[in-house]
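J.: A single structure is presented below for examination.
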Amino acid sequence: MKLPSREDMMEFVEGDAGLNAHMHRQILDLIASSKVVREQVTELKQDLYWVDSQVPDYLPGVSLGLEITRLTKSWGASEYKRSFSLKDYYRAKEFTYLMLFLFGGVLMLFILVNLWT
Amino acid sequence: MKEIPLPDLKEIHSALTEASVDLFGFSVVCLGGVTWAAEKEVLDTLYVGLEKYWFTTIDGEKPSHKEFREEFFKNLWLRVKGKTINVQLGIDVPLGHEAMRFYKLGKLERALLYLRTKKQFSIKTLSFIFDLHVDEVRKNLEESRTLMLGRKVREVSVIEEDF
């Protein structure tokens, strides 16, 4: 049996979603079966908690909320314009659909011609 | 006359607000704690997200940035990584800011540690956002934690004799 590496243990303690289920299970079994590992995991968690508590987090203020309202409105207006503007039509979603439709049509035609001949 | 569907502005506004809350802290941390500078970068990133259709609807729910969350953070990181702001104590940041050990770390280390601890990103995702190898990400995180703690983080050593 391959024992978990230091990185695996670290990822387990940090709750990394990337750790595979088999390794996760194996570490849980190790913790359940060894007092030494349990103590070490507790100490590691304490260290990580101490670091985490010193990392600040921030929430946006009212000014950003106002800017977001402005951005929403201006983007809505530009989307509306794009739907009708020939100059910007290539940027609209409808143009992508049209291109896909044309491409599909050409592909179908090509297959039909090949089947015919 | 056929009605042309337009994007629901209320839903877009809600998605933008949600994304801004998610991105704001990261932007502030990268810019050394300066909130006014962080707002501009977040807005620019949100605009890119709108232009690239990164706000998607999953299972018929409201539009959200969740599907392209990593892309948003990567875009924001590319914006802020080269920026330096001359931070003035008491004006740009509150007094006492200079005592925070976290801000003694480099920009990359701060950004990595913030995303790892506050946003719980996996090592692979961090590797994608910062365009670094996973080992480099781990090394940087370890060094940051060592600087924050003033000593190395305790290890869990699993040896067969323990069992």
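Just remember, in the structure tokens the first chain shown is A, the second B, etc., residues are 1-based per chain, and ligands are 1-based in the order shown.
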Define the interface residues of chain A facing chain B as those within 9 Å, counting only C-alpha atoms, and report them as an MDAnalysis selection string.
T.: chainID A and resid 3:7 9:11 14:19 30 33:37 39:41 43:45 47:48 50:52 54:61 63:65 67:69 71:73 75:76 79:80 91
J.: According to DSSP computed on the backbone, where in range 82-138 of chain B is there alpha helix (DSSP H)? Give the residues as a PyMOL selection string.
T.: chain B and resi 107-117+123-130+134-138
J.: With N, CA and C atoms retained, export the selected residues as a PDB file, in the first residue's frame.
T.:
ATOM      1  N   LYS B 107       3.289  40.162  -4.193  1.00  0.00           N
ATOM      2  CA  LYS B 107       1.951  40.176  -4.795  1.00  0.00           C
ATOM      3  C   LYS B 107       1.468  38.774  -5.160  1.00  0.00           C
ATOM      4  N   LEU B 108       2.336  38.004  -5.793  1.00  0.00           N
ATOM      5  CA  LEU B 108       1.954  36.647  -6.203  1.00  0.00           C
ATOM      6  C   LEU B 108       1.633  35.779  -4.984  1.00  0.00           C
ATOM      7  N   GLU B 109       2.462  35.875  -3.957  1.00  0.00           N
ATOM      8  CA  GLU B 109       2.260  35.074  -2.741  1.00  0.00           C
ATOM      9  C   GLU B 109       0.939  35.439  -2.061  1.00  0.00           C
ATOM     10  N   ARG B 110       0.678  36.749  -2.012  1.00  0.00           N
ATOM     11  CA  ARG B 110      -0.582  37.221  -1.411  1.00  0.00           C
ATOM     12  C   ARG B 110      -1.773  36.670  -2.189  1.00  0.00           C
ATOM     13  N   ALA B 111      -1.674  36.805  -3.512  1.00  0.00           N
ATOM     14  CA  ALA B 111      -2.783  36.368  -4.369  1.00  0.00           C
ATOM     15  C   ALA B 111      -3.032  34.866  -4.221  1.00  0.00           C
ATOM     16  N   LEU B 112      -1.957  34.103  -4.210  1.00  0.00           N
ATOM     17  CA  LEU B 112      -2.082  32.641  -4.068  1.00  0.00           C
ATOM     18  C   LEU B 112      -2.698  32.266  -2.726  1.00  0.00           C
ATOM     19  N   LEU B 113      -2.163  32.874  -1.683  1.00  0.00           N
ATOM     20  CA  LEU B 113      -2.638  32.548  -0.339  1.00  0.00           C
ATOM     21  C   LEU B 113      -4.098  32.967  -0.150  1.00  0.00           C
ATOM     22  N   TYR B 114      -4.458  34.102  -0.716  1.00  0.00           N
ATOM     23  CA  TYR B 114      -5.840  34.570  -0.605  1.00  0.00           C
ATOM     24  C   TYR B 114      -6.800  33.592  -1.288  1.00  0.00           C
ATOM     25  N   LEU B 115      -6.472  33.219  -2.513  1.00  0.00           N
ATOM     26  CA  LEU B 115      -7.368  32.320  -3.251  1.00  0.00           C
ATOM     27  C   LEU B 115      -7.437  30.942  -2.612  1.00  0.00           C
ATOM     28  N   ARG B 116      -6.318  30.516  -2.043  1.00  0.00           N
ATOM     29  CA  ARG B 116      -6.292  29.197  -1.412  1.00  0.00           C
ATOM     30  C   ARG B 116      -7.092  29.180  -0.107  1.00  0.00           C
ATOM     31  N   THR B 117      -6.956  30.243   0.668  1.00  0.00           N
ATOM     32  CA  THR B 117      -7.604  30.225   1.975  1.00  0.00           C
ATOM     33  C   THR B 117      -9.039  30.749   1.942  1.00  0.00           C
ATOM     34  N   ILE B 123      -5.219  23.297  -6.007  1.00  0.00           N
ATOM     35  CA  ILE B 123      -3.867  23.597  -6.494  1.00  0.00           C
ATOM     36  C   ILE B 123      -3.867  23.675  -8.032  1.00  0.00           C
ATOM     37  N   LYS B 124      -4.615  22.764  -8.662  1.00  0.00           N
ATOM     38  CA  LYS B 124      -4.682  22.747 -10.131  1.00  0.00           C
ATOM     39  C   LYS B 124      -5.297  24.038 -10.672  1.00  0.00           C
ATOM     40  N   THR B 125      -6.344  24.502 -10.017  1.00  0.00           N
ATOM     41  CA  THR B 125      -6.994  25.743 -10.466  1.00  0.00           C
ATOM     42  C   THR B 125      -6.043  26.923 -10.295  1.00  0.00           C
ATOM     43  N   LEU B 126      -5.326  26.932  -9.172  1.00  0.00           N
ATOM     44  CA  LEU B 126      -4.362  28.017  -8.946  1.00  0.00           C
ATOM     45  C   LEU B 126      -3.272  27.984 -10.006  1.00  0.00           C
ATOM     46  N   SER B 127      -2.876  26.775 -10.354  1.00  0.00           N
ATOM     47  CA  SER B 127      -1.855  26.610 -11.393  1.00  0.00           C
ATOM     48  C   SER B 127      -2.342  27.201 -12.718  1.00  0.00           C
ATOM     49  N   PHE B 128      -3.633  27.029 -13.007  1.00  0.00           N
ATOM     50  CA  PHE B 128      -4.213  27.573 -14.238  1.00  0.00           C
ATOM     51  C   PHE B 128      -4.293  29.100 -14.168  1.00  0.00           C
ATOM     52  N   ILE B 129      -4.769  29.613 -13.042  1.00  0.00           N
ATOM     53  CA  ILE B 129      -4.957  31.063 -12.921  1.00  0.00           C
ATOM     54  C   ILE B 129      -3.627  31.810 -13.026  1.00  0.00           C
ATOM     55  N   PHE B 130      -2.607  31.287 -12.353  1.00  0.00           N
ATOM     56  CA  PHE B 130      -1.335  32.018 -12.302  1.00  0.00           C
ATOM     57  C   PHE B 130      -0.321  31.510 -13.332  1.00  0.00           C
ATOM     58  N   VAL B 134       2.219  23.129 -10.791  1.00  0.00           N
ATOM     59  CA  VAL B 134       1.636  22.816  -9.473  1.00  0.00           C
ATOM     60  C   VAL B 134       2.678  22.813  -8.347  1.00  0.00           C
ATOM     61  N   ASP B 135       3.893  22.357  -8.679  1.00  0.00           N
ATOM     62  CA  ASP B 135       4.942  22.341  -7.653  1.00  0.00           C
ATOM     63  C   ASP B 135       5.333  23.756  -7.232  1.00  0.00           C
ATOM     64  N   GLU B 136       5.336  24.651  -8.206  1.00  0.00           N
ATOM     65  CA  GLU B 136       5.650  26.055  -7.905  1.00  0.00           C
ATOM     66  C   GLU B 136       4.575  26.672  -7.020  1.00  0.00           C
ATOM     67  N   VAL B 137       3.324  26.302  -7.320  1.00  0.00           N
ATOM     68  CA  VAL B 137       2.198  26.808  -6.509  1.00  0.00           C
ATOM     69  C   VAL B 137       2.373  26.340  -5.070  1.00  0.00           C
ATOM     70  N   ARG B 138       2.647  25.055  -4.911  1.00  0.00           N
ATOM     71  CA  ARG B 138       2.827  24.488  -3.560  1.00  0.00           C
ATOM     72  C   ARG B 138       3.986  25.178  -2.834  1.00  0.00           C
TER      73      ARG B 138
END
